[in-house]
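Data block below; observations after.
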Amino acid sequence: MIWEELQGELDTLQRDGLKRHRRTLECPCGPAARLDGRSLLSFCSNDYLGLANDPALIEAACAGARAWGVGSGASHLVSGHLGAHAVLEEKLAVFTGFARTLLFSTGYLANLGIVPALVGRHDAVFADRLNHASLIDAVQLSRADSQRYPHGDLTALERLLAASPARRKLILSDAVFSMDGDLAPLPGLLALAERFDAWLVVDDAHGFGVLGRQGRGSLDHFNLPAARRLVYMGTLGKAAGAAGAFVAGDATVIEWLEQRARSYIFTTAASPVIACALAASLDLIAAGDARRQHLWQLVAQLRAGLADTRWQLLPSPTAIQPVIIGDNQDALRIASALFERGLWVPAIRPPTVPRGSARLRVSLTAAHHEADLARLIDALRALA
């Protein structure tokens, strides 16, 4: 029977240490978590600036609900583009330095919309091998020729670009890689895009709000201009503390995406409540240098605290600090041991990461305290 096949596959996932288990939080997002009545210290969240439960965002959301209601009622191009959405798009354009922005309900939908709108059959996409799943799926959806280059390898990418006969080329990369925490060589990628007349699409899900002046993102971190061939995607459910995503770019590019990105055209617009909260969040991000400085101090504390242990930290300069374990079952065992000590650190396994590189993914936020990091360091040292 067809359902028996599914059960067999589920059993295999369980045997191989690859089955995922959902947990239900009994409190708002933050370092202090509660599961099944048990208090835990969480290192799982991408709420990098600690804004998800910030009073200013809560008040903005409440005021937005009173002014605009809860639902948008339709897609943006029918009747769902409300004033709150327009205000947020304008603020995002000013903040990022691009001519225009376009709101999407999630980063996944944004990526699924961008790539197929810019390239198709007879075109080629050149993608970093460690790109996020949404970028991989976007390439498949586009039906363009898929060319993957070794992680961060500009020389290999140059060879692929030079050899390609495609009529249109698109370079596709995360800015901050979500499982390794390292940064893409964005200046080199933009230089190659200019040389080979290619689009450069950058997914800055984990850099927006955290890197660059006033948290303007990875492009600002590298002092890169808002070039016309650059299409910039940022998510709003991580450092921004709410939900959704945006695409920023040249006015003509954004107009084209508005007309052709299917995941924009055929999706009900996100709640205006979220848009109002995000407008307040942008103000906090811009004024959040102290939060970011505290975050970098926590990164340094963790790395120094584990420097003389067996734990292998990847060379990440960001809030994502992966501890490589290798074996799936070992990663689950260590995560479980930390959980028993009241520390919630997720074990990340294939296919999210390459086979043999299972890891603990420590996510730090500005809402963590030095004492929180000391607890984690002490526990990992005890388990070393």
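Residue numbering restarts at 1 in every chain; chains get A, B, ... in the order shown in the structure tokens, and ligands count up from 1 in that same order.
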Spatial neighbours of A:Thr101, 7 Å, only C-alpha atoms, chain gap at least 2 places, as an NGL selection string: :A and (89 or 92-93 or 103 or 246-249 or 254)
Among stretch 133-250 of chain A, which residues carry a DSSP assignment of helix (DSSP H, G or I), reported as a ChimeraX atom specification? /A:133-142,154-163,186-195,213-215,218-221
Within 9 Å of A:Phe266, counting only C-alpha atoms, which residues show up once you throw out same-chain ones fewer than 4 positions away? Write them as a count of residues only, please. 5
Using DSSP on the backbone coordinates, identify all residues within stretch 288-342 of chain A classified as strand (DSSP E or B); present the result as a list in words.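 Secondary structure check on stretch 288-342 of chain A, strand (DSSP E or B): Gln312, Leu313, Ile320, Gln321, Pro322, Val323, Ile324, Ile325 and Gly326 of chain A.
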Tell me, as a PyMOL selection string, which residues lie within 10 Å of A:Gly188, counting only C-alpha atoms; anything in the same chain fewer than 2 positions away does not count. chain A and resi 152-155+158+184-186+190-194
How would the residues just chosen look if you wrote them out with C-alpha atoms as a PDB file, in the first residue's frame?
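As a result, selection-v7.pdb now contains:
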ATOM      1  CA  GLY A 152      33.039  30.577  -2.471  1.00  0.00           C
ATOM      2  CA  ASP A 153      35.361  29.612  -5.346  1.00  0.00           C
ATOM      3  CA  LEU A 154      35.592  32.652  -7.625  1.00  0.00           C
ATOM      4  CA  THR A 155      38.124  30.998  -9.936  1.00  0.00           C
ATOM      5  CA  GLU A 158      34.895  32.471 -13.608  1.00  0.00           C
ATOM      6  CA  ALA A 184      30.097  35.044   0.339  1.00  0.00           C
ATOM      7  CA  PRO A 185      32.859  36.917  -1.550  1.00  0.00           C
ATOM      8  CA  LEU A 186      30.346  39.523  -2.707  1.00  0.00           C
ATOM      9  CA  LEU A 190      29.789  41.544  -8.421  1.00  0.00           C
ATOM     10  CA  ALA A 191      33.007  42.006 -10.413  1.00  0.00           C
ATOM     11  CA  LEU A 192      32.338  38.758 -12.293  1.00  0.00           C
ATOM     12  CA  ALA A 193      28.718  39.771 -12.880  1.00  0.00           C
ATOM     13  CA  GLU A 194      29.928  43.038 -14.425  1.00  0.00           C
TER      14      GLU A 194
END
Contacts of stretch 374-381 of chain A within 12 Å, only C-alpha atoms, excl. fewer than 4 positions in-chain, as a short mmCIF file (atom, residue, chain, number, x, y, z; two decimals) with N, CA and C atoms, in the first residue's frame:
data_model
loop_
_atom_site.label_atom_id
_atom_site.label_comp_id
_atom_site.auth_asym_id
_atom_site.auth_seq_id
_atom_site.Cartn_x
_atom_site.Cartn_y
_atom_site.Cartn_z
N LEU A 40 14.10 26.34 29.56
CA LEU A 40 15.33 26.07 28.82
C LEU A 40 15.95 27.39 28.37
N LEU A 41 17.25 27.35 28.15
CA LEU A 41 17.96 28.46 27.55
C LEU A 41 18.17 28.12 26.08
N SER A 42 17.58 28.91 25.19
CA SER A 42 17.54 28.57 23.77
C SER A 42 18.66 29.25 22.99
N PHE A 43 19.30 28.45 22.14
CA PHE A 43 20.27 28.94 21.16
C PHE A 43 19.83 28.51 19.76
N LEU A 298 29.39 38.62 22.27
CA LEU A 298 28.98 37.25 22.59
C LEU A 298 29.65 36.24 21.66
N VAL A 299 29.75 36.59 20.37
CA VAL A 299 30.45 35.71 19.42
C VAL A 299 31.88 35.49 19.87
N ALA A 300 32.55 36.57 20.25
CA ALA A 300 33.95 36.47 20.70
C ALA A 300 34.05 35.65 21.98
N GLN A 301 33.09 35.81 22.88
CA GLN A 301 33.10 35.06 24.14
C GLN A 301 32.98 33.56 23.89
N LEU A 302 32.07 33.17 22.99
CA LEU A 302 31.89 31.75 22.69
C LEU A 302 33.14 31.17 22.05
N ARG A 303 33.69 31.86 21.09
CA ARG A 303 34.85 31.33 20.38
C ARG A 303 36.07 31.22 21.30
N ALA A 304 36.25 32.21 22.16
CA ALA A 304 37.37 32.16 23.10
C ALA A 304 37.16 31.05 24.13
N GLY A 305 35.91 30.86 24.55
CA GLY A 305 35.62 29.87 25.58
C GLY A 305 35.81 28.44 25.13
N LEU A 306 35.72 28.20 23.82
CA LEU A 306 35.87 26.84 23.29
C LEU A 306 37.18 26.64 22.52
N ALA A 307 38.04 27.65 22.54
CA ALA A 307 39.25 27.62 21.71
C ALA A 307 40.18 26.46 22.04
N ASP A 308 40.27 26.07 23.32
CA ASP A 308 41.23 25.03 23.70
C ASP A 308 40.55 23.69 23.97
N THR A 309 39.39 23.47 23.31
CA THR A 309 38.67 22.21 23.49
C THR A 309 38.67 21.43 22.18
N ARG A 310 38.08 20.24 22.21
CA ARG A 310 38.00 19.41 21.00
C ARG A 310 36.92 19.89 20.05
N TRP A 311 36.08 20.81 20.48
CA TRP A 311 34.97 21.23 19.64
C TRP A 311 35.48 22.07 18.47
N GLN A 312 35.12 21.69 17.27
CA GLN A 312 35.57 22.36 16.05
C GLN A 312 34.54 23.41 15.62
N VAL A 323 29.13 24.12 15.44
CA VAL A 323 30.10 23.23 16.07
C VAL A 323 30.01 21.90 15.33
N ILE A 334 24.80 14.58 21.62
CA ILE A 334 25.34 15.76 22.31
C ILE A 334 24.25 16.82 22.50
N ALA A 335 23.40 17.00 21.47
CA ALA A 335 22.29 17.93 21.62
C ALA A 335 21.37 17.50 22.75
N SER A 336 21.13 16.19 22.86
CA SER A 336 20.29 15.66 23.93
C SER A 336 20.93 15.89 25.29
N ALA A 337 22.25 15.70 25.38
CA ALA A 337 22.95 15.92 26.65
C ALA A 337 22.86 17.39 27.07
N LEU A 338 22.96 18.30 26.11
CA LEU A 338 22.80 19.72 26.41
C LEU A 338 21.37 20.02 26.86
N PHE A 339 20.42 19.38 26.17
CA PHE A 339 19.01 19.59 26.52
C PHE A 339 18.74 19.17 27.96
N GLU A 340 19.34 18.07 28.38
CA GLU A 340 19.17 17.62 29.76
C GLU A 340 19.76 18.61 30.75
N ARG A 341 20.71 19.41 30.29
CA ARG A 341 21.31 20.45 31.13
C ARG A 341 20.56 21.77 31.02
N GLY A 342 19.43 21.76 30.32
CA GLY A 342 18.62 22.96 30.18
C GLY A 342 19.05 23.89 29.06
N LEU A 343 19.82 23.35 28.11
CA LEU A 343 20.32 24.15 26.99
C LEU A 343 19.79 23.58 25.67
N TRP A 344 19.09 24.40 24.93
CA TRP A 344 18.46 23.96 23.69
C TRP A 344 19.30 24.42 22.51
N VAL A 345 20.06 23.49 21.94
CA VAL A 345 20.91 23.75 20.77
C VAL A 345 20.57 22.70 19.72
N LEU A 360 26.14 20.98 15.70
CA LEU A 360 25.32 21.82 16.55
C LEU A 360 25.33 23.21 15.94
N VAL A 362 24.73 26.80 16.82
CA VAL A 362 24.52 27.76 17.90
C VAL A 362 24.16 29.10 17.29
N SER A 363 22.96 29.58 17.57
CA SER A 363 22.53 30.89 17.08
C SER A 363 22.51 31.86 18.25
N LEU A 364 23.29 32.92 18.12
CA LEU A 364 23.39 33.93 19.18
C LEU A 364 22.51 35.13 18.84
N HIS A 368 20.69 37.51 24.35
CA HIS A 368 21.46 36.67 25.25
C HIS A 368 22.35 37.53 26.15
N HIS A 369 22.67 36.98 27.31
CA HIS A 369 23.58 37.65 28.25
C HIS A 369 24.89 36.88 28.32
N GLU A 370 25.91 37.52 28.84
CA GLU A 370 27.21 36.86 29.00
C GLU A 370 27.08 35.60 29.85
#
Of A:Ala240, A:Ala245, A:Ala198, A:Ala99, the one sitting nearest A:Thr365 when using only C-alpha atoms is A:Ala240
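The neighbours of A:Ala63 here are the residues that come within 10 Å of it, using only C-alpha atoms and leaving out any residue fewer than 5 positions away in the same chain; they are A:Leu57, A:Ile58, A:Trp68, A:Gly69, A:Val273, A:Cys276, A:Ala277.
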Go ahead and write the selection's residues with N, CA, C and O atoms as a compact mmCIF listing (two decimals), in the first residue's frame.
# COMPACT_ATOMS: atom_id res chain seq x y z
N LEU A 57 7.60 46.81 18.90
CA LEU A 57 6.98 46.11 17.77
C LEU A 57 5.58 45.63 18.13
O LEU A 57 4.66 45.66 17.29
N ILE A 58 5.41 45.20 19.37
CA ILE A 58 4.08 44.75 19.81
C ILE A 58 3.10 45.91 19.75
O ILE A 58 1.96 45.76 19.25
N TRP A 68 -5.78 49.15 10.39
CA TRP A 68 -5.90 48.47 9.11
C TRP A 68 -6.62 47.13 9.18
O TRP A 68 -6.86 46.50 8.14
N GLY A 69 -6.98 46.68 10.39
CA GLY A 69 -7.53 45.35 10.52
C GLY A 69 -6.43 44.31 10.51
O GLY A 69 -5.25 44.63 10.60
N VAL A 273 -0.79 44.17 9.72
CA VAL A 273 -0.26 44.20 11.09
C VAL A 273 1.26 43.97 11.07
O VAL A 273 2.03 44.65 11.75
N CYS A 276 3.13 47.02 9.71
CA CYS A 276 3.26 48.09 10.71
C CYS A 276 4.34 47.76 11.74
O CYS A 276 5.13 48.64 12.14
N ALA A 277 4.40 46.51 12.16
CA ALA A 277 5.44 46.11 13.10
C ALA A 277 6.81 46.27 12.47
O ALA A 277 7.77 46.71 13.12
